[in-house]
2 protein chains.
Amino acid sequence: MNNFVLYSPTEFVFGKNTEVQVGALARKYGAQKVMIVYGGGSVVCSGLLGRVKQSLQEAGVAYCEMGGVRPNPVDGKVYEGIRLCRREQVDMMLPVGGGSVIDTAKAIAAGVLYDGDFWDFFIGRAKVEKALKVAVVLTIPAAGSEGSGNAVITKTETLQKLGLCAPEHLRPVFSVMNPELTYTLPAYQTACGIADMMAHIMERYFTNTSDVEISDRLCEGTLTAIIKEAYRVKLQPDDYAARANIMWCGTVAHNGTCGVGREEDWASHALEHEISAIYDVAHGAGLAVIFPAWMTFMAEHNPAKIAQFARRVFDIPKSDDLEEMALAGTARLKHFFRYMGLPVSFKELGIEHPDIDRMIASLQRNKGELLGNYVKLTMTDCKEIYRLAL
Amino acid sequence: MNNFVLYSPTEFVFGKNTEVQVGALARKYGAQKVMIVYGGGSVVCSGLLGRVKQSLQEAGVAYCEMGGVRPNPVDGKVYEGIRLCRREQVDMMLPVGGGSVIDTAKAIAAGVLYDGDFWDFFIGRAKVEKALKVAVVLTIPAAGSEGSGNAVITKTETLQKLGLCAPEHLRPVFSVMNPELTYTLPAYQTACGIADMMAHIMERYFTNTSDVEISDRLCEGTLTAIIKEAYRVKLQPDDYAARANIMWCGTVAHNGTCGVGREEDWASHALEHEISAIYDVAHGAGLAVIFPAWMTFMAEHNPAKIAQFARRVFDIPKSDDLEEMALAGTARLKHFFRYMGLPVSFKELGIEHPDIDRMIASLQRNKGELLGNYVKLTMTDCKEIYRLAL
């Protein structure tokens, strides 16, 4: 087990009807004026936005708002938000939505107190030294952004989709999580979220760090719970318990719990980001395509941990042939993704002829010559994984 | 799943040699003068206290100190600490030790800013409204106090052993955890710590709250990891990986992770507190005696969750006879405790004829007529559980 620091100071307020506490919580954490950030009209139609505003009013917290954030969020909305924040003298960001909305709010939170271009943070030209507080009302369990210090934004001009990690400044001070708000998510979006949270765990799980039994078990337990509850939610979208379990799994997957003391991988995320940046597909769907391909590659090159996953998560019988076990586990994962209505190949994703050379060139520019840790992938390896996903 | 709030803001700094960071961390969290609290001479002999002091000096943080805290910590040391703190104008408590030392420091932290008797907090006569900051250097993985807002103190005069829960004020701001510091723990003390952390999980795990698959899996995974690593540490006390896994399990067991969204039980802890208050045995040893007796009682009265424990943690085959499964799981747990050198009966604990009537009278005074939640125990039930432990 490696040395580590775990710091997860977010106050998670979880359960039915919790959104009415937003105003009091914002006040408790010192907000005078918040900026509500949201996406499309669903939070308006559902009445959620109205309830959030009412809660803020009752607590005497002023607000302004910015809607229109789209999936695979882009830099344009960040610049717009920064201007609005400065004009309105906002002191807390309040995204109401899923990962795209939260990540946009985080980028604004960092950018508004920085003199240069916020994109500097994403290309490593500057470090986040301070930021507005971020608080969250979560409506889509997927990205885990409600408990993480990360954000992912795409620069429209160059189609670079890059991540920022600044946990000291960008971890939400509180996150309000009401599973009822997720009843109306379309089945495909629910499934994409499930693929995303599973990927967050697997990026941590597939490691060469030895002697990490406790975090192995936490990863495996969370994956097992997600799969069980996913079957339930597929059959009954308004099953509170299933929605609640999945929502909390999405947080556990990405708030640090599953990753302590281990080298993480994150190659699959980087491989996927090239897909969703260029083809604007859902991140979770891209991950459902890439992860099985990555695992198929690993079954040949480093099967040990994939085989452990197969045995402990999918009950694949123990065998001396680790590669065979690993492939059997990968097949079960693909079967699960398919059952959930997710694509598991470029073709099923609607991309018959992906421009692999373009993705590789972009990957190389964004990430350098080697990717990941479980096996350090050359660009030739990455090309093979894209091909395995055809 | 019940509504819940999870707030675990402690910064955990975990791994080899981390104690040299104490000074810088204390400074980061605003300390001007800390009070080091410790137990017997082991932290002196090992040189740990010296390294902590040196780290504080290098960071320009002043300190005073109070040693002599004993297992099953008593009110006397709390009063002594409060006087010292006031005289020395301490602004942060720094316990260096295990649960007894940390809990004493927490009680001091609350008491020093309160005009009345600190014991008021433990008997529910007053609520903690403010406290000095608490930071921890952990040397015994057991109580989980390094990540919790709880403290347990015994009043010498009345032999009342009571707990206080004030997470908003008493959760450590940081906890430094170096598994190497636990190499020299005697085997019995290691085993007691293991029983204690397992009990913390089981108090949360055995619940009637339905649809808590994610926290079920986190509980089961952590228990499974503890058992595996306990066998390793028994064979080789300086196995870093085993010590590290166990140390982190002790924190996961009690920082909230395992208990979200579920009604908890805590009857076994209350039953045990009467034993260690009167007979001054190690808390973990008392739990190793009480928990199997409690589970045996439950096998008859509410076997469902005990049977799930049996199946998922100890691989007991599935059967329609849940009571049989539950008893098989309980037998395996007892076997494990025995292998670790722990007592599993009053007799093995060295108490041939426990004064059950006295313990029941004290229990009733401290806790009222009903105990726990999984089955609400009458005092007659409690008497039966004590008898099952003979």
# chains A, B, ... in the order shown; residues from 1 in each chain; ligands from 1
call {"tool": "closest_atom_pairs", "arguments": {"of": "chain A", "to": "chain B", "cutoff": "6 Å", "atoms": "only C-alpha atoms", "output": "tab-separated table"}}
result
residue	atom	partner	partner_atom	distance
A:Asn3	CA	B:Gly15	CA	4.2
A:Phe4	CA	B:Phe14	CA	5.3
A:Val5	CA	B:Val13	CA	4.6
A:Leu6	CA	B:Phe12	CA	5.1
A:Tyr7	CA	B:Glu11	CA	4.5
A:Ser8	CA	B:Pro9	CA	5.7
A:Pro9	CA	B:Pro9	CA	3.7
A:Glu11	CA	B:Tyr7	CA	4.5
A:Phe12	CA	B:Leu6	CA	5.1
A:Val13	CA	B:Val5	CA	4.6
A:Phe14	CA	B:Phe4	CA	5.3
A:Gly15	CA	B:Asn3	CA	4.2
A:Asp211	CA	B:Ala241	CA	5.6
A:Glu213	CA	B:Ala225	CA	5.8
A:Ile214	CA	B:Ala225	CA	5.3
A:Arg217	CA	B:Gly221	CA	4.8
A:Leu218	CA	B:Leu218	CA	5.7
A:Gly221	CA	B:Arg217	CA	4.8
A:Ala225	CA	B:Ile214	CA	5.3
A:Ala241	CA	B:Asp211	CA	5.6
A:Asn245	CA	B:Ile214	CA	6.0
call {"tool": "select_by_dssp", "arguments": {"residues": "segment 87-287 of chain B", "states": "strand (DSSP E)", "output": "ChimeraX atom specification"}}
result
/B:92-97,133-138,150-155,160-165,174-177
call {"tool": "atom_distance", "arguments": {"atom1": "atom CA of Ser345 of chain B", "atom2": "atom CA of Trp266 of chain B"}}
result
19.3 Å
call {"tool": "closest_residue", "arguments": {"among": "B:Ile227, B:Glu369, B:Asp75, B:Ala143", "to": "Glu157 of chain B", "atoms": "only C-alpha atoms"}}
result
B:Asp75
call {"tool": "residues_around", "arguments": {"residues": "Gly30 of chain A", "least_positions_apart": "5", "cutoff": "10 Å", "atoms": "only C-alpha atoms", "output": "count of residues only"}}
result
6
call {"tool": "closest_residue", "arguments": {"among": "B:Asn373, B:Gln57, B:Thr251, B:Thr296", "to": "Glu263 of chain B", "atoms": "only C-alpha atoms"}}
result
B:Asn373
call {"tool": "residues_around", "arguments": {"residues": "segment 186-193 of chain A", "least_positions_apart": "4", "cutoff": "7 Å", "atoms": "only C-alpha atoms", "output": "number ranges by chain"}}
result
A: 141-142, 197, 284-285, 340-342
call {"tool": "decode", "arguments": {"residues": "segment 280-295 of chain B", "atoms": "all heavy atoms", "output": "compact mmCIF listing (two decimals), in the first residue's frame"}}
result
# COMPACT_ATOMS: atom_id res chain seq x y z
N ASP B 280 -12.68 -3.56 34.32
CA ASP B 280 -11.50 -2.95 33.73
C ASP B 280 -10.77 -3.87 32.75
O ASP B 280 -9.54 -3.96 32.76
CB ASP B 280 -10.53 -2.46 34.83
CG ASP B 280 -9.59 -1.38 34.28
OD1 ASP B 280 -9.96 -0.71 33.29
OD2 ASP B 280 -8.48 -1.23 34.83
N VAL B 281 -11.54 -4.60 31.95
CA VAL B 281 -10.92 -5.41 30.89
C VAL B 281 -10.81 -4.57 29.63
O VAL B 281 -11.40 -3.50 29.52
CB VAL B 281 -11.77 -6.67 30.58
CG1 VAL B 281 -11.87 -7.55 31.82
CG2 VAL B 281 -13.16 -6.27 30.09
N ALA B 282 -10.02 -5.04 28.67
CA ALA B 282 -9.90 -4.32 27.39
C ALA B 282 -11.25 -4.35 26.66
O ALA B 282 -11.90 -5.40 26.60
CB ALA B 282 -8.82 -4.96 26.54
N HIS B 283 -11.62 -3.20 26.15
CA HIS B 283 -12.90 -3.04 25.47
C HIS B 283 -13.05 -4.07 24.34
O HIS B 283 -14.10 -4.72 24.20
CB HIS B 283 -12.99 -1.61 24.92
CG HIS B 283 -14.19 -1.31 24.09
ND1 HIS B 283 -15.47 -1.56 24.49
CD2 HIS B 283 -14.29 -0.74 22.86
CE1 HIS B 283 -16.32 -1.17 23.54
NE2 HIS B 283 -15.62 -0.67 22.54
N GLY B 284 -12.00 -4.25 23.55
CA GLY B 284 -12.07 -5.19 22.43
C GLY B 284 -12.27 -6.62 22.89
O GLY B 284 -12.98 -7.40 22.25
N ALA B 285 -11.65 -6.97 24.01
CA ALA B 285 -11.81 -8.32 24.55
C ALA B 285 -13.24 -8.52 25.02
O ALA B 285 -13.86 -9.56 24.78
CB ALA B 285 -10.83 -8.54 25.70
N GLY B 286 -13.78 -7.50 25.67
CA GLY B 286 -15.18 -7.57 26.10
C GLY B 286 -16.12 -7.73 24.91
O GLY B 286 -17.10 -8.50 24.97
N LEU B 287 -15.81 -7.04 23.82
CA LEU B 287 -16.65 -7.15 22.63
C LEU B 287 -16.56 -8.55 22.01
O LEU B 287 -17.55 -9.07 21.49
CB LEU B 287 -16.23 -6.10 21.60
CG LEU B 287 -16.64 -4.66 21.91
CD1 LEU B 287 -15.89 -3.68 21.02
CD2 LEU B 287 -18.16 -4.49 21.74
N ALA B 288 -15.37 -9.15 22.06
CA ALA B 288 -15.22 -10.50 21.53
C ALA B 288 -16.05 -11.50 22.32
O ALA B 288 -16.46 -12.54 21.80
CB ALA B 288 -13.74 -10.90 21.54
N VAL B 289 -16.31 -11.18 23.57
CA VAL B 289 -17.17 -12.02 24.41
C VAL B 289 -18.65 -11.76 24.11
O VAL B 289 -19.45 -12.69 23.95
CB VAL B 289 -16.88 -11.76 25.92
CG1 VAL B 289 -17.91 -12.46 26.81
CG2 VAL B 289 -15.46 -12.19 26.27
N ILE B 290 -18.99 -10.47 24.05
CA ILE B 290 -20.41 -10.10 23.94
C ILE B 290 -20.99 -10.30 22.54
O ILE B 290 -22.12 -10.77 22.38
CB ILE B 290 -20.61 -8.63 24.38
CG1 ILE B 290 -20.52 -8.53 25.90
CG2 ILE B 290 -21.94 -8.06 23.91
CD1 ILE B 290 -21.59 -9.34 26.64
N PHE B 291 -20.23 -9.96 21.51
CA PHE B 291 -20.83 -9.97 20.17
C PHE B 291 -21.32 -11.36 19.74
O PHE B 291 -22.46 -11.51 19.27
CB PHE B 291 -19.92 -9.33 19.11
CG PHE B 291 -20.61 -8.22 18.37
CD1 PHE B 291 -20.23 -6.90 18.52
CD2 PHE B 291 -21.70 -8.50 17.54
CE1 PHE B 291 -20.91 -5.88 17.87
CE2 PHE B 291 -22.37 -7.48 16.87
CZ PHE B 291 -21.97 -6.17 17.04
N PRO B 292 -20.52 -12.40 19.94
CA PRO B 292 -21.05 -13.72 19.57
C PRO B 292 -22.28 -14.11 20.40
O PRO B 292 -23.20 -14.76 19.87
CB PRO B 292 -19.87 -14.65 19.86
CG PRO B 292 -18.66 -13.77 19.74
CD PRO B 292 -19.10 -12.44 20.26
N ALA B 293 -22.32 -13.70 21.66
CA ALA B 293 -23.50 -14.00 22.49
C ALA B 293 -24.73 -13.26 21.95
O ALA B 293 -25.83 -13.83 21.84
CB ALA B 293 -23.23 -13.61 23.94
N TRP B 294 -24.53 -12.00 21.61
CA TRP B 294 -25.61 -11.19 21.02
C TRP B 294 -26.10 -11.83 19.72
O TRP B 294 -27.30 -11.94 19.46
CB TRP B 294 -25.10 -9.76 20.79
CG TRP B 294 -26.08 -8.80 20.20
CD1 TRP B 294 -26.92 -7.98 20.87
CD2 TRP B 294 -26.31 -8.54 18.80
NE1 TRP B 294 -27.66 -7.22 19.99
CE2 TRP B 294 -27.31 -7.55 18.71
CE3 TRP B 294 -25.76 -9.04 17.62
CZ2 TRP B 294 -27.78 -7.06 17.49
CZ3 TRP B 294 -26.22 -8.56 16.40
CH2 TRP B 294 -27.22 -7.59 16.35
N MET B 295 -25.14 -12.30 18.89
CA MET B 295 -25.51 -12.91 17.60
C MET B 295 -26.24 -14.24 17.82
O MET B 295 -27.16 -14.58 17.06
CB MET B 295 -24.26 -13.12 16.75
CG MET B 295 -23.69 -11.81 16.22
SD MET B 295 -22.00 -11.97 15.57
CE MET B 295 -22.30 -12.84 14.03
